[in-house]
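Participant: query.cif is the file, holding mmCIF, C-alpha atoms:
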data_run
#
loop_
_atom_site.label_atom_id
_atom_site.label_comp_id
_atom_site.auth_asym_id
_atom_site.auth_seq_id
_atom_site.Cartn_x
_atom_site.Cartn_y
_atom_site.Cartn_z
CA MET A 2 7.31 19.64 13.54
CA SER A 3 10.82 20.58 14.75
CA GLY A 4 13.74 18.17 14.63
CA VAL A 5 13.76 17.96 18.43
CA ARG A 6 10.08 17.02 18.59
CA ILE A 7 10.50 14.46 15.83
CA GLY A 8 13.39 12.96 17.79
CA ILE A 9 11.31 12.80 20.97
CA VAL A 10 8.39 11.11 19.20
CA ALA A 11 10.71 8.64 17.50
CA SER A 12 12.34 7.81 20.85
CA LEU A 13 8.96 7.22 22.48
CA LEU A 14 7.87 4.93 19.67
CA LEU A 15 11.15 3.05 19.91
CA CYS A 16 10.65 2.60 23.66
CA VAL A 17 7.15 1.23 23.05
CA TRP A 18 8.54 -1.21 20.52
CA LEU A 19 11.38 -2.31 22.81
CA VAL A 20 9.13 -3.10 25.77
CA TRP A 21 6.32 -4.64 23.71
CA PRO A 22 6.22 -8.47 23.94
CA LYS A 23 7.89 -10.02 20.90
CA GLY A 24 6.73 -13.04 18.94
CA GLU A 25 3.38 -13.90 17.44
CA ASN A 26 0.68 -11.22 17.81
CA SER A 27 3.32 -8.88 19.24
CA ALA A 28 2.50 -5.71 17.27
CA PRO A 29 1.14 -2.81 19.34
CA PRO A 30 -2.66 -2.53 19.10
CA ARG A 31 -3.91 -0.40 16.23
CA PRO A 32 -5.58 2.18 18.56
CA LEU A 33 -2.18 2.81 20.19
CA LEU A 34 -0.50 3.25 16.80
CA ILE A 35 -3.28 5.58 15.63
CA LYS A 36 -2.99 7.64 18.82
CA SER A 37 0.79 7.89 18.34
CA ALA A 38 0.33 9.01 14.73
CA LEU A 39 -2.18 11.67 15.76
CA LYS A 40 -0.17 12.98 18.70
CA ASP A 41 1.70 15.69 16.81
CA ALA A 42 -0.36 15.80 13.62
CA LYS A 43 -1.71 19.29 12.96
CA ASP A 44 -5.13 19.51 11.27
CA PRO A 45 -4.94 15.85 10.19
CA ILE A 46 -6.97 14.08 7.56
CA VAL A 47 -8.14 10.87 9.25
CA VAL A 48 -9.21 7.89 7.13
CA LEU A 49 -11.30 5.63 9.35
CA GLY A 50 -12.36 2.14 8.37
CA ASP A 51 -11.70 -1.58 8.24
CA SER A 52 -8.90 -3.78 6.88
CA ILE A 53 -9.30 -2.36 3.37
CA VAL A 54 -8.32 1.02 4.81
CA ARG A 55 -5.58 -0.41 7.02
CA GLN A 56 -3.92 -2.09 4.04
CA ALA A 57 -4.14 1.02 1.86
CA GLN A 58 -0.98 2.86 0.86
CA LEU A 59 -2.36 6.35 1.41
CA PRO A 60 -0.33 9.50 0.66
CA ARG A 61 1.58 10.89 3.63
CA SER A 62 -0.12 14.26 3.11
CA LEU A 63 -2.82 15.88 1.01
CA CYS A 64 -3.93 19.52 0.87
CA LYS A 65 -0.82 20.34 2.96
CA ARG A 66 -2.14 18.25 5.85
CA PRO A 67 -0.96 14.89 7.20
CA VAL A 68 -3.01 11.83 6.31
CA ILE A 69 -3.52 9.36 9.15
CA ASN A 70 -4.54 5.79 8.33
CA ALA A 71 -6.99 4.79 11.09
CA GLY A 72 -8.11 1.49 9.62
CA ILE A 73 -8.74 -1.39 12.04
CA ASP A 74 -9.34 -4.95 10.89
CA GLY A 75 -12.89 -6.22 11.26
CA SER A 76 -14.48 -2.84 11.88
CA THR A 77 -18.17 -2.23 11.24
CA THR A 78 -20.43 0.79 11.60
CA SER A 79 -21.23 -0.40 15.14
CA SER A 80 -17.66 -1.11 16.31
CA GLY A 81 -17.33 2.08 18.37
CA LEU A 82 -14.73 3.68 16.12
CA ASP A 83 -15.93 7.11 17.26
CA GLY A 84 -14.92 6.31 20.85
CA MET A 85 -11.54 4.98 19.73
CA LEU A 86 -10.86 8.08 17.66
CA LYS A 87 -11.98 10.43 20.42
CA LYS A 88 -9.46 8.86 22.79
CA ALA A 89 -6.76 9.06 20.11
CA ILE A 90 -7.38 12.62 18.94
CA GLY A 91 -8.17 14.16 22.32
CA ASP A 92 -9.24 17.80 22.24
CA LYS A 93 -7.89 18.41 18.73
CA LYS A 94 -10.04 18.48 15.62
CA ALA A 95 -9.36 16.85 12.28
CA ALA A 96 -9.45 18.85 9.08
CA LEU A 97 -11.43 15.99 7.54
CA ILE A 98 -12.58 12.53 8.62
CA VAL A 99 -13.12 10.03 5.82
CA VAL A 100 -15.12 6.90 6.71
CA SER A 101 -15.03 3.67 4.71
CA LEU A 102 -17.20 0.95 6.25
CA GLY A 103 -19.73 -1.67 5.24
CA MET A 104 -17.86 -4.74 4.04
CA ASN A 105 -17.96 -6.34 7.50
CA ASP A 106 -21.54 -5.23 8.12
CA ALA A 107 -22.41 -7.21 4.98
CA GLU A 108 -20.73 -10.32 6.43
CA THR A 109 -23.12 -10.24 9.40
CA ALA A 110 -26.05 -9.65 7.02
CA ASP A 111 -27.12 -6.44 8.76
CA SER A 112 -30.17 -4.95 7.08
CA VAL A 113 -29.92 -1.70 5.14
CA GLU A 114 -31.95 -0.05 7.88
CA SER A 115 -29.52 -1.20 10.58
CA TYR A 116 -26.61 -0.05 8.45
CA ARG A 117 -28.23 3.35 7.97
CA LYS A 118 -28.98 3.70 11.68
CA ASN A 119 -25.49 2.68 12.83
CA TYR A 120 -23.71 4.79 10.21
CA THR A 121 -25.80 7.84 11.06
CA ALA A 122 -25.00 7.47 14.75
CA LEU A 123 -21.29 7.09 13.98
CA LEU A 124 -21.19 10.18 11.76
CA THR A 125 -23.12 12.21 14.33
CA ALA A 126 -20.46 11.37 16.93
CA LEU A 127 -17.60 12.07 14.51
CA LYS A 128 -18.98 15.53 13.70
CA THR A 129 -17.78 16.69 17.12
CA MET A 130 -14.20 15.96 16.02
CA THR A 131 -14.18 17.67 12.62
CA SER A 132 -15.92 20.27 10.50
CA ARG A 133 -15.83 18.07 7.37
CA LEU A 134 -16.88 14.47 6.79
CA ALA A 135 -16.75 12.18 3.78
CA VAL A 136 -17.98 8.61 3.30
CA VAL A 137 -16.57 6.12 0.81
CA ALA A 138 -18.57 3.75 -1.37
CA ILE A 139 -18.06 0.07 -0.59
CA SER A 140 -16.01 -1.86 -3.12
CA SER A 141 -17.60 -4.78 -4.95
CA LEU A 142 -17.09 -8.47 -4.28
CA GLU A 143 -15.47 -11.05 -6.52
CA ALA A 144 -17.70 -14.09 -6.29
CA GLY A 145 -16.24 -17.54 -5.78
CA LYS A 146 -13.23 -16.41 -3.77
CA PRO A 147 -12.54 -17.56 -0.17
CA GLU A 148 -13.21 -14.40 1.86
CA VAL A 149 -16.63 -13.58 0.42
CA GLY A 150 -18.31 -15.63 3.14
CA HIS A 151 -21.92 -14.65 3.77
CA ARG A 152 -21.59 -11.37 1.90
CA THR A 153 -23.63 -10.83 -1.24
CA GLN A 154 -23.30 -8.23 -3.97
CA GLN A 155 -26.98 -7.46 -3.47
CA GLY A 156 -26.27 -6.57 0.16
CA ILE A 157 -23.31 -4.36 -0.83
CA ASP A 158 -25.44 -2.64 -3.47
CA GLY A 159 -28.14 -1.99 -0.87
CA TYR A 160 -25.65 -0.31 1.45
CA ASN A 161 -24.19 1.76 -1.37
CA GLY A 162 -27.68 2.81 -2.38
CA ALA A 163 -28.27 4.14 1.14
CA LEU A 164 -24.98 6.06 1.38
CA PRO A 165 -26.09 9.28 -0.41
CA ASP A 166 -28.99 9.74 2.03
CA ILE A 167 -26.79 8.87 5.02
CA ALA A 168 -24.20 11.39 3.86
CA ARG A 169 -26.74 14.12 3.15
CA GLU A 170 -28.27 13.81 6.62
CA ALA A 171 -24.80 14.11 8.18
CA GLY A 172 -23.61 16.90 5.91
CA ALA A 173 -20.92 14.63 4.47
CA SER A 174 -19.64 14.24 0.94
CA VAL A 175 -19.59 10.90 -0.88
CA ILE A 176 -16.44 9.47 -2.44
CA SER A 177 -17.41 7.16 -5.30
CA LEU A 178 -15.34 4.32 -6.70
CA THR A 179 -14.71 3.80 -10.39
CA PRO A 180 -15.38 0.37 -11.94
CA MET A 181 -12.75 -2.19 -11.03
CA PRO A 182 -10.94 -4.49 -13.50
CA ALA A 183 -10.99 -8.28 -13.31
CA GLY A 184 -8.79 -9.56 -10.52
CA PHE A 185 -9.20 -6.43 -8.39
CA THR A 186 -9.25 -8.47 -5.17
CA SER A 187 -6.83 -10.99 -3.73
CA ASP A 188 -9.49 -13.08 -1.99
CA GLY A 189 -12.88 -11.75 -3.07
CA VAL A 190 -12.88 -8.88 -0.53
CA HIS A 191 -9.41 -7.42 0.06
CA LEU A 192 -7.90 -5.48 -2.80
CA SER A 193 -5.12 -6.72 -5.04
CA ALA A 194 -2.39 -4.35 -6.21
CA SER A 195 -4.46 -3.23 -9.20
CA GLY A 196 -7.61 -2.75 -7.14
CA ALA A 197 -5.73 -0.93 -4.39
CA ALA A 198 -4.23 1.51 -6.88
CA ILE A 199 -7.70 2.46 -8.12
CA TRP A 200 -9.08 2.67 -4.56
CA ASN A 201 -6.18 4.80 -3.34
CA LYS A 202 -6.58 7.23 -6.24
CA ALA A 203 -10.32 7.54 -5.62
CA ILE A 204 -9.72 8.34 -1.94
CA SER A 205 -6.97 10.86 -2.71
CA ASP A 206 -9.07 12.56 -5.39
CA GLY A 207 -12.10 12.60 -3.09
CA ILE A 208 -10.14 14.16 -0.24
CA THR A 209 -8.73 16.81 -2.56
CA ALA A 210 -12.14 17.62 -3.99
CA THR A 211 -13.59 17.96 -0.48
CA LEU A 212 -10.79 19.81 1.26
CA CYS A 213 -8.84 21.76 -1.35
CA PRO A 214 -10.72 21.77 -4.68
CA ASN A 215 -8.73 24.75 -5.94
CA GLY A 216 -5.36 23.22 -5.13
#
Is it possible to give me this structure as structure tokens?

Facilitator:
Amino acid sequence: MSGVRIGIVASLLLCVWLVWPKGENSAPPRPLLIKSALKDAKDPIVVLGDSIVRQAQLPRSLCKRPVINAGIDGSTTSSGLDGMLKKAIGDKKAALIVVSLGMNDAETADSVESYRKNYTALLTALKTMTSRLAVVAISSLEAGKPEVGHRTQQGIDGYNGALPDIAREAGASVISLTPMPAGFTSDGVHLSASGAAIWNKAISDGITATLCPNG
């Protein structure tokens, strides 16, 4: 991107910030921020998911392509993220779309079959926006902490057990997570600094293995 174009984009973002209402809940909506990030991104790697993705400190680029964090709090496999991304990315295509979903599906106690059906439909729609897809295993819970809610580890395990078949049907790769240490979450669901470091490395390694295995 040339210096002039960077300046124009920066000016537009500044204008959005200046006119946006200030105070509580004043941040621009995530879809708008994602669209702005994708506007001039060439062959982007898009990481789509829920608050675990949104909070992740992902690398700015991998495989010589920009990485766009498209996490939105509360997202599930049936949240319509494909429609949001289509509006944001327009006629361009991503080099790779990585999808990390399931933690919020588990909160609503969706069955494995519903999870499979919704995830398959989502990936089918996303295939029109990229030639490569990857899905991420769902991180574990830490029982007894406040955000666990109605989620159960059995439910998470059921979703993770279905992911290889879901991925295979969609032609996607699976990014696995390594075992987490004690205290890997801050509240039972969202990752602590130690958990986030492991998660971020797994995502980065998975993207590299999928998109540029030879460096």

Participant: Which residues of region 139-191 of chain A have any atom within 9 Å of an atom in region 117-129 of chain A when counting only C-alpha atoms, and what is the closest pair of atoms for each, with the distance in Å to one decimal? Order the rows by chain and rising number and write it as JSON lines.

Facilitator:
{"residue": "A:Tyr160", "atom": "CA", "partner": "A:Arg117", "partner_atom": "CA", "distance": 7.9}
{"residue": "A:Ala163", "atom": "CA", "partner": "A:Arg117", "partner_atom": "CA", "distance": 6.9}
{"residue": "A:Leu164", "atom": "CA", "partner": "A:Arg117", "partner_atom": "CA", "distance": 7.8}
{"residue": "A:Asp166", "atom": "CA", "partner": "A:Arg117", "partner_atom": "CA", "distance": 8.8}
{"residue": "A:Ile167", "atom": "CA", "partner": "A:Thr121", "partner_atom": "CA", "distance": 6.2}
{"residue": "A:Ala168", "atom": "CA", "partner": "A:Thr121", "partner_atom": "CA", "distance": 8.2}
{"residue": "A:Glu170", "atom": "CA", "partner": "A:Thr121", "partner_atom": "CA", "distance": 7.8}
{"residue": "A:Ala171", "atom": "CA", "partner": "A:Leu124", "partner_atom": "CA", "distance": 6.4}
{"residue": "A:Ala173", "atom": "CA", "partner": "A:Leu124", "partner_atom": "CA", "distance": 8.5}

Participant: Return as JSON, numbers by chain the set of residues that the PyMOL selection byres ((chain A and resi 189-201) around 10) yields on the displayed structure.

Facilitator: {"A": [52, 53, 54, 56, 57, 58, 59, 60, 104, 105, 137, 140, 141, 142, 143, 144, 145, 146, 147, 148, 149, 150, 152, 177, 178, 179, 180, 181, 182, 183, 184, 185, 186, 187, 188, 202, 203, 204, 205, 206, 207]}

Participant: For Gly103 (chain A), find every residue with an atom within 9 Å (counting only C-alpha atoms), except residues of its own chain fewer than 2 positions away, and show them as an NGL selection string.

Facilitator: :A and (50-51 or 76-78 or 101 or 105-108 or 116 or 138-139 or 157 or 160-161)

Participant: Could you tell me how far CA of Asp158 (chain A) sits from CA of Ile46 (chain A), in Å to one decimal place?

Facilitator: 27.2 Å

Participant: For a quick check of understanding, using all atoms listed in the file, which of A:Met85, A:Arg169, A:Gly156, A:Ser132 has the smallest distance to Thr109 (chain A)?

Facilitator: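 When distances to Thr109 (chain A) are compared using all atoms listed in the file, the smallest one comes from A:Gly156.
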
Participant: Which one is closest to Val68 (chain A): A:Gly91, A:Pro45, A:Pro32, A:Pro165? Count all atoms listed in the file.

Facilitator: A:Pro45

Participant: Do you know which residues the PyMOL selection byres ((chain A and resi 36) around 12) returns on this file, as a PyMOL selection string?

Facilitator: chain A and resi 10+14+29-35+37-42+47+69-71+85-91+93

Participant: Which residue out of A:Ser79, A:Thr209, A:Asp111, A:Gln154 has the minimum interatomic distance to Ser62 (chain A) when only C-alpha atoms are used?

Facilitator: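 Counting only C-alpha atoms, the residue closest to Ser62 (chain A) is A:Thr209.
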
Participant: Apply the PyMOL selection byres ((chain A and resi 97) around 10) to the displayed file and report the matching residues as a list in words.

Facilitator: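 This file, filtered by the PyMOL selection byres ((chain A and resi 97) around 10), leaves Asp44, Pro45, Ile46, Val47, Val48, Arg66, Val68, Lys94, Ala95, Ala96, Ile98, Val99, Val100, Lys128, Met130, Thr131, Ser132, Arg133, Leu134, Ala135, Ile208, Thr211 and Leu212 of chain A.
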
Participant: To one decimal place, how far is CA of Pro214 (chain A) from CA of Ser174 (chain A) in Å?

Facilitator: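 A separation of 13.0 Å between them.
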
Participant: Quick check, in Å to one decimal: how far apart do CA of Gly81 (chain A) and CA of Cys64 (chain A) lie?

Facilitator: 28.1 Å

Participant: For Gly75 (chain A), which residue out of A:Leu63, A:Ala210, A:Val136, A:Leu102 is the nearest one, using all atoms listed in the file?

Facilitator: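 Ranked by minimum distance to Gly75 (chain A), first place goes to A:Leu102.
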
Participant: Please rebuild region 45-70 of chain A with N, CA and C atoms and give the result as a PDB file, keeping the file's coordinate frame.

Facilitator:
ATOM      1  N   PRO A  45      -5.102  17.073  10.993  1.00  0.00           N
ATOM      2  CA  PRO A  45      -4.940  15.850  10.190  1.00  0.00           C
ATOM      3  C   PRO A  45      -6.169  15.508   9.361  1.00  0.00           C
ATOM      4  N   ILE A  46      -5.920  14.754   8.320  1.00  0.00           N
ATOM      5  CA  ILE A  46      -6.970  14.080   7.560  1.00  0.00           C
ATOM      6  C   ILE A  46      -6.980  12.640   8.063  1.00  0.00           C
ATOM      7  N   VAL A  47      -8.071  12.200   8.663  1.00  0.00           N
ATOM      8  CA  VAL A  47      -8.140  10.870   9.250  1.00  0.00           C
ATOM      9  C   VAL A  47      -9.011   9.979   8.364  1.00  0.00           C
ATOM     10  N   VAL A  48      -8.458   8.854   7.940  1.00  0.00           N
ATOM     11  CA  VAL A  48      -9.210   7.890   7.130  1.00  0.00           C
ATOM     12  C   VAL A  48      -9.540   6.707   8.035  1.00  0.00           C
ATOM     13  N   LEU A  49     -10.816   6.585   8.357  1.00  0.00           N
ATOM     14  CA  LEU A  49     -11.300   5.630   9.350  1.00  0.00           C
ATOM     15  C   LEU A  49     -11.995   4.473   8.624  1.00  0.00           C
ATOM     16  N   GLY A  50     -11.694   3.248   9.038  1.00  0.00           N
ATOM     17  CA  GLY A  50     -12.360   2.140   8.370  1.00  0.00           C
ATOM     18  C   GLY A  50     -11.861   0.781   8.828  1.00  0.00           C
ATOM     19  N   ASP A  51     -12.002  -0.191   7.927  1.00  0.00           N
ATOM     20  CA  ASP A  51     -11.700  -1.580   8.240  1.00  0.00           C
ATOM     21  C   ASP A  51     -10.357  -1.998   7.638  1.00  0.00           C
ATOM     22  N   SER A  52     -10.186  -3.291   7.375  1.00  0.00           N
ATOM     23  CA  SER A  52      -8.900  -3.780   6.880  1.00  0.00           C
ATOM     24  C   SER A  52      -8.568  -3.263   5.485  1.00  0.00           C
ATOM     25  N   ILE A  53      -9.571  -2.934   4.687  1.00  0.00           N
ATOM     26  CA  ILE A  53      -9.300  -2.360   3.370  1.00  0.00           C
ATOM     27  C   ILE A  53      -8.592  -1.020   3.526  1.00  0.00           C
ATOM     28  N   VAL A  54      -9.006  -0.237   4.517  1.00  0.00           N
ATOM     29  CA  VAL A  54      -8.320   1.020   4.810  1.00  0.00           C
ATOM     30  C   VAL A  54      -6.939   0.754   5.396  1.00  0.00           C
ATOM     31  N   ARG A  55      -6.864  -0.161   6.358  1.00  0.00           N
ATOM     32  CA  ARG A  55      -5.580  -0.410   7.020  1.00  0.00           C
ATOM     33  C   ARG A  55      -4.508  -0.831   6.020  1.00  0.00           C
ATOM     34  N   GLN A  56      -4.882  -1.597   5.024  1.00  0.00           N
ATOM     35  CA  GLN A  56      -3.920  -2.090   4.040  1.00  0.00           C
ATOM     36  C   GLN A  56      -3.601  -1.071   2.955  1.00  0.00           C
ATOM     37  N   ALA A  57      -4.319   0.033   2.930  1.00  0.00           N
ATOM     38  CA  ALA A  57      -4.140   1.020   1.860  1.00  0.00           C
ATOM     39  C   ALA A  57      -2.822   1.783   2.011  1.00  0.00           C
ATOM     40  N   GLN A  58      -2.193   2.041   0.892  1.00  0.00           N
ATOM     41  CA  GLN A  58      -0.980   2.860   0.860  1.00  0.00           C
ATOM     42  C   GLN A  58      -1.390   4.305   0.558  1.00  0.00           C
ATOM     43  N   LEU A  59      -1.864   4.993   1.576  1.00  0.00           N
ATOM     44  CA  LEU A  59      -2.360   6.350   1.410  1.00  0.00           C
ATOM     45  C   LEU A  59      -1.192   7.336   1.338  1.00  0.00           C
ATOM     46  N   PRO A  60      -1.386   8.479   0.674  1.00  0.00           N
ATOM     47  CA  PRO A  60      -0.330   9.500   0.660  1.00  0.00           C
ATOM     48  C   PRO A  60      -0.027   9.966   2.083  1.00  0.00           C
ATOM     49  N   ARG A  61       1.206  10.376   2.304  1.00  0.00           N
ATOM     50  CA  ARG A  61       1.580  10.890   3.630  1.00  0.00           C
ATOM     51  C   ARG A  61       0.877  12.209   3.930  1.00  0.00           C
ATOM     52  N   SER A  62       0.578  12.980   2.900  1.00  0.00           N
ATOM     53  CA  SER A  62      -0.120  14.260   3.110  1.00  0.00           C
ATOM     54  C   SER A  62      -0.928  14.596   1.864  1.00  0.00           C
ATOM     55  N   LEU A  63      -1.989  15.341   2.075  1.00  0.00           N
ATOM     56  CA  LEU A  63      -2.820  15.880   1.010  1.00  0.00           C
ATOM     57  C   LEU A  63      -3.320  17.249   1.466  1.00  0.00           C
ATOM     58  N   CYS A  64      -3.452  18.175   0.527  1.00  0.00           N
ATOM     59  CA  CYS A  64      -3.930  19.520   0.870  1.00  0.00           C
ATOM     60  C   CYS A  64      -3.090  20.145   1.983  1.00  0.00           C
ATOM     61  N   LYS A  65      -1.785  19.813   1.982  1.00  0.00           N
ATOM     62  CA  LYS A  65      -0.820  20.340   2.960  1.00  0.00           C
ATOM     63  C   LYS A  65      -1.150  19.930   4.388  1.00  0.00           C
ATOM     64  N   ARG A  66      -1.807  18.777   4.524  1.00  0.00           N
ATOM     65  CA  ARG A  66      -2.140  18.250   5.850  1.00  0.00           C
ATOM     66  C   ARG A  66      -1.758  16.781   5.916  1.00  0.00           C
ATOM     67  N   PRO A  67      -1.344  16.304   7.089  1.00  0.00           N
ATOM     68  CA  PRO A  67      -0.960  14.890   7.200  1.00  0.00           C
ATOM     69  C   PRO A  67      -2.172  13.968   7.085  1.00  0.00           C
ATOM     70  N   VAL A  68      -1.966  12.850   6.440  1.00  0.00           N
ATOM     71  CA  VAL A  68      -3.010  11.830   6.310  1.00  0.00           C
ATOM     72  C   VAL A  68      -2.721  10.710   7.287  1.00  0.00           C
ATOM     73  N   ILE A  69      -3.683  10.401   8.137  1.00  0.00           N
ATOM     74  CA  ILE A  69      -3.520   9.360   9.150  1.00  0.00           C
ATOM     75  C   ILE A  69      -4.413   8.174   8.803  1.00  0.00           C
ATOM     76  N   ASN A  70      -3.798   7.024   8.616  1.00  0.00           N
ATOM     77  CA  ASN A  70      -4.540   5.790   8.330  1.00  0.00           C
ATOM     78  C   ASN A  70      -5.056   5.231   9.661  1.00  0.00           C
TER      79      ASN A  70
END
